[in-house]
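Chemist: Structure file data27.cif (mmCIF, C-alpha atoms) right here:
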```
data_target
#
loop_
_atom_site.group_PDB
_atom_site.id
_atom_site.type_symbol
_atom_site.label_atom_id
_atom_site.label_comp_id
_atom_site.auth_asym_id
_atom_site.auth_seq_id
_atom_site.Cartn_x
_atom_site.Cartn_y
_atom_site.Cartn_z
ATOM 1 C CA MET G 1 71.454 74.688 129.243
ATOM 2 C CA THR G 2 74.156 75.620 126.772
ATOM 3 C CA PRO G 3 73.267 77.913 123.836
ATOM 4 C CA PHE G 4 74.192 75.218 121.325
ATOM 5 C CA ALA G 5 71.649 72.811 122.810
ATOM 6 C CA GLU G 6 69.001 75.528 122.718
ATOM 7 C CA TYR G 7 69.712 76.248 119.055
ATOM 8 C CA ALA G 8 69.637 72.555 118.186
ATOM 9 C CA ILE G 9 66.326 71.926 119.959
ATOM 10 C CA SER G 10 64.735 75.038 118.435
ATOM 11 C CA ALA G 11 65.917 74.158 114.931
ATOM 12 C CA LEU G 12 64.594 70.595 115.263
ATOM 13 C CA LEU G 13 61.228 71.918 116.464
ATOM 14 C CA ILE G 14 60.878 74.359 113.560
ATOM 15 C CA ILE G 15 61.974 71.717 111.030
ATOM 16 C CA GLY G 16 59.434 69.265 112.427
ATOM 17 C CA GLY G 17 56.587 71.769 112.308
ATOM 18 C CA ALA G 18 57.482 72.811 108.753
ATOM 19 C CA PHE G 19 57.573 69.207 107.493
ATOM 20 C CA THR G 20 54.243 68.459 109.163
ATOM 21 C CA LEU G 21 52.683 71.502 107.492
ATOM 22 C CA ILE G 22 54.158 70.531 104.105
ATOM 23 C CA GLY G 23 52.635 67.054 104.401
ATOM 24 C CA ALA G 24 49.229 68.501 105.241
ATOM 25 C CA LEU G 25 49.496 70.956 102.323
ATOM 26 C CA GLY G 26 50.197 68.029 100.006
ATOM 27 C CA LEU G 27 47.168 66.213 101.394
ATOM 28 C CA ALA G 28 44.932 69.222 100.862
ATOM 29 C CA ARG G 29 46.157 70.434 97.479
ATOM 30 C CA LEU G 30 47.252 67.509 95.277
ATOM 31 C CA PRO G 31 44.866 66.385 92.531
ATOM 32 C CA ASP G 32 44.110 62.674 93.041
ATOM 33 C CA PHE G 33 44.352 60.036 95.744
ATOM 34 C CA PHE G 34 47.525 58.350 94.549
ATOM 35 C CA THR G 35 49.459 61.628 94.587
ATOM 36 C CA ARG G 36 47.811 62.677 97.837
ATOM 37 C CA LEU G 37 49.136 59.495 99.460
ATOM 38 C CA HIS G 38 52.694 60.810 99.135
ATOM 39 C CA GLY G 39 52.392 63.889 101.331
ATOM 40 C CA PRO G 40 51.291 62.547 104.724
ATOM 41 C CA THR G 41 53.076 59.211 104.607
ATOM 42 C CA LYS G 42 56.524 60.706 104.038
ATOM 43 C CA ALA G 43 56.672 64.367 105.049
ATOM 44 C CA THR G 44 54.437 64.134 108.104
ATOM 45 C CA THR G 45 56.248 61.076 109.433
ATOM 46 C CA LEU G 46 59.599 62.842 109.093
ATOM 47 C CA GLY G 47 58.215 65.960 110.805
ATOM 48 C CA VAL G 48 56.900 64.017 113.777
ATOM 49 C CA GLY G 49 60.244 62.199 113.952
ATOM 50 C CA ALA G 50 62.055 65.564 114.192
ATOM 51 C CA VAL G 51 59.693 66.779 116.941
ATOM 52 C CA MET G 52 60.234 63.522 118.804
ATOM 53 C CA LEU G 53 64.033 63.888 118.481
ATOM 54 C CA SER G 54 63.854 67.398 119.932
ATOM 55 C CA SER G 55 61.836 66.006 122.855
ATOM 56 C CA VAL G 56 64.469 63.323 123.473
ATOM 57 C CA LEU G 57 67.215 65.991 123.373
ATOM 58 C CA TYR G 58 65.361 68.329 125.720
ATOM 59 C CA PHE G 59 64.574 65.764 128.385
ATOM 60 C CA SER G 60 68.058 64.240 128.296
ATOM 61 C CA ILE G 61 69.781 67.655 128.491
ATOM 62 C CA THR G 62 67.631 68.791 131.441
ATOM 63 C CA ASP G 63 68.647 65.597 133.317
ATOM 64 C CA GLN G 64 65.282 63.889 133.340
ATOM 65 C CA GLY G 65 66.633 60.711 131.791
ATOM 66 C CA ILE G 66 66.607 59.369 128.254
ATOM 67 C CA GLY G 67 63.056 58.550 127.258
ATOM 68 C CA ILE G 68 62.353 55.077 125.969
ATOM 69 C CA SER G 69 58.778 56.084 125.085
ATOM 70 C CA GLU G 70 59.782 58.710 122.523
ATOM 71 C CA ILE G 71 62.194 56.380 120.770
ATOM 72 C CA LEU G 72 59.565 53.644 120.826
ATOM 73 C CA ILE G 73 56.935 55.956 119.302
ATOM 74 C CA THR G 74 59.384 57.109 116.611
ATOM 75 C CA VAL G 75 60.397 53.583 115.634
ATOM 76 C CA PHE G 76 56.765 52.475 115.622
ATOM 77 C CA LEU G 77 55.669 55.386 113.418
ATOM 78 C CA PHE G 78 58.541 54.850 110.973
ATOM 79 C CA MET G 79 57.683 51.148 110.744
ATOM 80 C CA THR G 80 53.916 51.466 110.389
ATOM 81 C CA ALA G 81 53.637 54.423 107.978
ATOM 82 C CA PRO G 82 54.694 52.449 104.835
ATOM 83 C CA VAL G 83 52.512 49.480 105.834
ATOM 84 C CA SER G 84 49.354 51.556 106.235
ATOM 85 C CA ALA G 85 50.150 53.487 103.030
ATOM 86 C CA ASN G 86 50.469 50.194 101.144
ATOM 87 C CA MET G 87 47.147 48.964 102.538
ATOM 88 C CA MET G 88 45.389 52.202 101.581
ATOM 89 C CA ALA G 89 46.868 52.163 98.064
ATOM 90 C CA LYS G 90 45.668 48.565 97.608
ATOM 91 C CA ALA G 91 42.170 49.531 98.772
ATOM 92 C CA ALA G 92 42.108 52.492 96.385
ATOM 93 C CA MET G 93 43.267 50.283 93.482
ATOM 94 C CA HIS G 94 40.542 47.784 94.324
ATOM 95 C CA LEU G 95 37.915 50.531 94.358
ATOM 96 C CA GLY G 96 39.276 51.908 91.057
ATOM 97 C CA LEU G 97 39.536 55.541 92.085
ATOM 98 C CA LYS G 98 39.972 58.223 89.466
ATOM 99 C CA THR G 99 43.554 59.113 88.532
ATOM 100 C CA MET G 100 44.991 62.206 86.888
ATOM 101 C CA ASP G 101 44.566 62.438 83.118
ATOM 102 C CA ASN G 102 48.283 62.054 82.387
ATOM 103 C CA THR G 103 48.796 58.968 84.551
ATOM 104 C CA ARG G 104 50.605 56.383 82.470
ATOM 105 C CA GLY G 105 49.666 52.727 82.790
ATOM 106 C CA LYS G 106 46.817 51.295 84.839
ATOM 107 C CA PRO G 107 48.075 47.920 86.075
ATOM 108 C CA TRP G 108 44.874 47.143 87.993
ATOM 109 C CA GLN G 109 42.771 47.164 84.815
ATOM 110 C CA GLN G 110 44.622 44.454 82.879
ATOM 111 C CA MET C 1 64.390 80.813 122.487
ATOM 112 C CA ILE C 2 62.940 77.350 122.959
ATOM 113 C CA THR C 3 59.665 78.896 124.097
ATOM 114 C CA ILE C 4 59.302 80.947 120.909
ATOM 115 C CA ALA C 5 60.189 77.971 118.704
ATOM 116 C CA LEU C 6 57.725 75.825 120.652
ATOM 117 C CA TYR C 7 54.850 78.232 120.064
ATOM 118 C CA ILE C 8 55.712 78.605 116.355
ATOM 119 C CA THR C 9 55.751 74.805 116.020
ATOM 120 C CA ILE C 10 52.412 74.471 117.800
ATOM 121 C CA ALA C 11 50.936 77.007 115.367
ATOM 122 C CA LEU C 12 52.331 75.112 112.337
ATOM 123 C CA VAL C 13 51.055 71.715 113.535
ATOM 124 C CA THR C 14 47.627 73.173 114.353
ATOM 125 C CA LEU C 15 47.436 74.645 110.844
ATOM 126 C CA ALA C 16 48.362 71.217 109.455
ATOM 127 C CA ALA C 17 45.588 69.614 111.511
ATOM 128 C CA LEU C 18 43.088 72.144 110.133
ATOM 129 C CA LEU C 19 44.171 71.305 106.562
ATOM 130 C CA ASN C 20 43.684 67.597 107.332
ATOM 131 C CA LEU C 21 40.224 68.392 108.671
ATOM 132 C CA TYR C 22 39.441 70.196 105.407
ATOM 133 C CA ARG C 23 40.427 67.072 103.423
ATOM 134 C CA LEU C 24 38.473 64.894 105.850
ATOM 135 C CA ILE C 25 35.325 66.904 105.201
ATOM 136 C CA ILE C 26 35.506 67.410 101.434
ATOM 137 C CA GLY C 27 37.427 64.210 100.540
ATOM 138 C CA PRO C 28 35.624 62.762 97.523
ATOM 139 C CA ASP C 29 36.084 59.049 98.322
ATOM 140 C CA ALA C 30 36.399 56.822 101.359
ATOM 141 C CA PRO C 31 40.201 56.204 101.093
ATOM 142 C CA ASP C 32 40.774 59.979 101.164
ATOM 143 C CA ARG C 33 38.954 60.181 104.460
ATOM 144 C CA VAL C 34 40.882 57.227 105.880
ATOM 145 C CA LEU C 35 44.148 58.890 104.851
ATOM 146 C CA ALA C 36 43.096 62.200 106.420
ATOM 147 C CA LEU C 37 42.174 60.421 109.678
ATOM 148 C CA ASP C 38 45.535 58.623 109.722
ATOM 149 C CA THR C 39 47.337 61.942 109.280
ATOM 150 C CA LEU C 40 45.213 63.482 112.031
ATOM 151 C CA TYR C 41 46.379 60.707 114.367
ATOM 152 C CA VAL C 42 50.011 61.518 113.586
ATOM 153 C CA ASN C 43 49.401 65.243 114.119
ATOM 154 C CA ALA C 44 47.708 64.527 117.446
ATOM 155 C CA ILE C 45 50.831 62.621 118.532
ATOM 156 C CA ALA C 46 52.966 65.646 117.609
ATOM 157 C CA LEU C 47 50.662 67.995 119.526
ATOM 158 C CA ILE C 48 50.787 65.774 122.616
ATOM 159 C CA ILE C 49 54.607 65.717 122.501
ATOM 160 C CA LEU C 50 54.637 69.517 122.187
ATOM 161 C CA LEU C 51 52.229 69.805 125.138
ATOM 162 C CA GLY C 52 54.603 67.665 127.188
ATOM 163 C CA LEU C 53 57.462 70.011 126.241
ATOM 164 C CA VAL C 54 55.440 73.112 127.213
ATOM 165 C CA LEU C 55 54.433 71.674 130.590
ATOM 166 C CA ASP C 56 57.928 70.152 131.133
ATOM 167 C CA SER C 57 56.368 66.796 131.926
ATOM 168 C CA ARG C 58 56.763 63.305 130.508
ATOM 169 C CA MET C 59 53.440 61.986 131.688
ATOM 170 C CA TYR C 60 51.743 62.428 128.315
ATOM 171 C CA LEU C 61 54.071 60.178 126.320
ATOM 172 C CA GLN C 62 52.086 57.089 127.294
ATOM 173 C CA ALA C 63 48.992 58.644 125.730
ATOM 174 C CA ALA C 64 50.979 59.359 122.562
ATOM 175 C CA LEU C 65 52.166 55.734 122.407
ATOM 176 C CA LEU C 66 48.596 54.512 122.813
ATOM 177 C CA ILE C 67 47.368 56.821 120.032
ATOM 178 C CA ALA C 68 50.137 55.560 117.718
ATOM 179 C CA VAL C 69 49.173 51.899 118.229
ATOM 180 C CA MET C 70 45.421 52.475 117.992
ATOM 181 C CA GLY C 71 45.789 54.711 114.925
ATOM 182 C CA PHE C 72 47.757 52.075 113.039
ATOM 183 C CA VAL C 73 45.302 49.294 113.931
ATOM 184 C CA SER C 74 42.255 51.347 112.944
ATOM 185 C CA THR C 75 43.819 52.450 109.656
ATOM 186 C CA VAL C 76 44.711 48.879 108.684
ATOM 187 C CA ALA C 77 41.265 47.618 109.713
ATOM 188 C CA THR C 78 39.475 50.275 107.650
ATOM 189 C CA ALA C 79 41.687 49.667 104.617
ATOM 190 C CA LYS C 80 41.055 45.919 104.852
ATOM 191 C CA TYR C 81 37.332 46.585 105.090
ATOM 192 C CA LEU C 82 37.400 48.815 102.011
ATOM 193 C CA LYS C 83 39.358 46.226 100.037
ATOM 194 C CA ARG C 84 37.714 42.941 101.051
ATOM 195 C CA GLY C 85 34.355 43.899 102.558
ATOM 196 C CA SER C 86 35.246 42.342 105.904
ATOM 197 C CA VAL C 87 37.961 42.972 108.480
ATOM 198 C CA ILE C 88 38.695 39.387 109.537
ATOM 199 C CA GLU C 89 37.969 36.603 107.090
#
```
In structure tokens, how does this file's structure come out?
Modeler:
Amino acid sequence: MTPFAEYAISALLIIGGAFTLIGALGLARLPDFFTRLHGPTKATTLGVGAVMLSSVLYFSITDQGIGISEILITVFLFMTAPVSANMMAKAAMHLGLKTMDNTRGKPWQQ
Amino acid sequence: MITIALYITIALVTLAALLNLYRLIIGPDAPDRVLALDTLYVNAIALIILLGLVLDSRMYLQAALLIAVMGFVSTVATAKYLKRGSVIE
């Protein structure tokens, strides 16, 4: 394996792990549900996408074939994350969860 | 080089899973817990991919695909239940 491929795979792995951790930090630390929804649905999805890309690179560089499964998982995750986030936001609006004090506008109470 | 990066990444993703578990336990409302479970599914997929890289095997990708599909279906079903009171109407 060439050094450039090693650097690329290592950098993608570290970037993926860091984005996953940032998403989880947002989930654990932010003040209310509607802000908490932002962390996992964007940062974690991107992090898992980077890890998946490094897996594709590794297995195709070591001559084990290009994986259809990884690409399928990545596309599926990137398609389903906004849908499930939208469903959860609708459920939270229906339940009328508490928001932060400086949230402007409450469209579900009109 | 790849080995060191792999172990650092496994440590980061495990820490992320522990933070999700913290939110799953203390989460004040039901949607928080659903969100934490959804994120745990995604982190489990990442951990399975990393396990496949450590063992240099592609056998585990099918399990990751299955977890992705089942996680999405269960999240949507639980959100529908919270919103409407029934999953299929």
Chemist: Here's the selection I'm unsure about, the PyMOL selection byres ((chain C and resi 65-75) around 8); applied to the file above, which residues does it give, as a ChimeraX atom specification?
Modeler: /G:69,72-73,76-77,80,84 /C:34,38,41-42,45,61-64,76-79
Chemist: Please evaluate the PyMOL selection byres ((chain G and resi 25) around 9) against the structure above and give the resulting residues as a list in words.
Modeler: Thr20, Leu21, Ile22, Gly23, Ala24, Gly26, Leu27, Ala28, Arg29, Leu30, Gly39 and Pro40 of chain G; Ala16, Leu19 and Asn20 of chain C
Chemist: Please evaluate the PyMOL selection byres ((chain G and resi 96) around 12) against the structure above and give the resulting residues as number ranges by chain.
Modeler: G: 32-34, 89-95, 97-99, 106-109; C: 29-31, 82-83
Chemist: Let me make sure I understand: among G:Leu37, G:Val48, G:Met100, G:Ile71, which one has the smallest atom-to-atom distance to Ala46 of chain C if we use all atoms listed in the file?
Modeler: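 Under the stated criterion, the closest residue is G:Val48.
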Chemist: Can you tell me how far atom CA of Leu35 of chain C sits from atom CA of Ala11 of chain C, in Å to one decimal?
Modeler: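 Separation of atom CA of Leu35 of chain C and atom CA of Ala11 of chain C: 22.0 Å.
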Chemist: Please report the interatomic distance between atom CA of Leu50 of chain C and atom CA of Ile10 of chain C in Å with one decimal.
Modeler: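 Value for the atom CA of Leu50 of chain C-atom CA of Ile10 of chain C distance: 7.0 Å.
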Chemist: Check the smallest atom-to-atom distance from each of C:Val54, C:Ala36, C:Ile49, C:Met1 to Arg36 of chain G using all atoms listed in the file, then report the winner.
Modeler: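 That would be C:Ala36, the residue with the smallest distance to Arg36 of chain G.
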Chemist: So which residues touch segment 50-55 of chain G within 7 Å, counting all atoms listed in the file, skipping near sequence neighbours fewer than 6 positions away, as a list in words?
Modeler: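 So, after excluding close chain neighbours, the residues are Ile9, Leu12, Leu13, Ile15, Gly16, Glu70 and Thr74 of chain G; Ala46 and Leu53 of chain C.
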Chemist: Figure out the distance between atom CA of Thr9 of chain C and atom CA of Phe19 of chain G, please, to one decimal in Å.
Modeler: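 Separation between atom CA of Phe19 of chain G and atom CA of Thr9 of chain C: 10.4 Å.
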Chemist: Which is closer to Tyr7 of chain G than all the others in G:Ile68, G:Asp63, G:Val83, G:Tyr58, using all atoms listed in the file?
Modeler: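 So, comparing all the options, the nearest one is G:Tyr58.
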Chemist: With distances taken over all atoms listed in the file, which residue among G:Ala11, G:Met1, G:Pro31, G:Met87 lies nearest Asn102 of chain G?
Modeler: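 Of G:Ala11, G:Met1, G:Pro31, G:Met87, the one nearest Asn102 of chain G is G:Pro31, counting all atoms listed in the file.
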Chemist: Nearest to Ile14 of chain G among G:Ile61, G:Asn86, G:Met79, G:Gly47, with distances taken over all atoms listed in the file: which residue is it?
Modeler: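 Closest to Ile14 of chain G, using all atoms listed in the file: G:Gly47.
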Chemist: What's around Asn43 of chain C at 7 Å? Count all atoms listed in the file, leave out sequence neighbours fewer than 4 positions away in its own chain, and write the answer as a list in words.
Modeler: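 Contacts, in chain order: Val13, Ala17, Thr39 and Leu47 of chain C.
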Chemist: Give me the residues within 10 Å of Arg33 of chain C as a ChimeraX atom specification, counting only C-alpha atoms and dropping any in the same chain fewer than 6 places off.
Modeler: /C:20-21,23-27,39
Chemist: Pick out the closest residue to Thr14 of chain C from this set: C:Leu40, C:Arg84, C:Pro28, C:Ile2. Count only C-alpha atoms.
Modeler: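 Of C:Leu40, C:Arg84, C:Pro28, C:Ile2, the one nearest Thr14 of chain C is C:Leu40, counting only C-alpha atoms.
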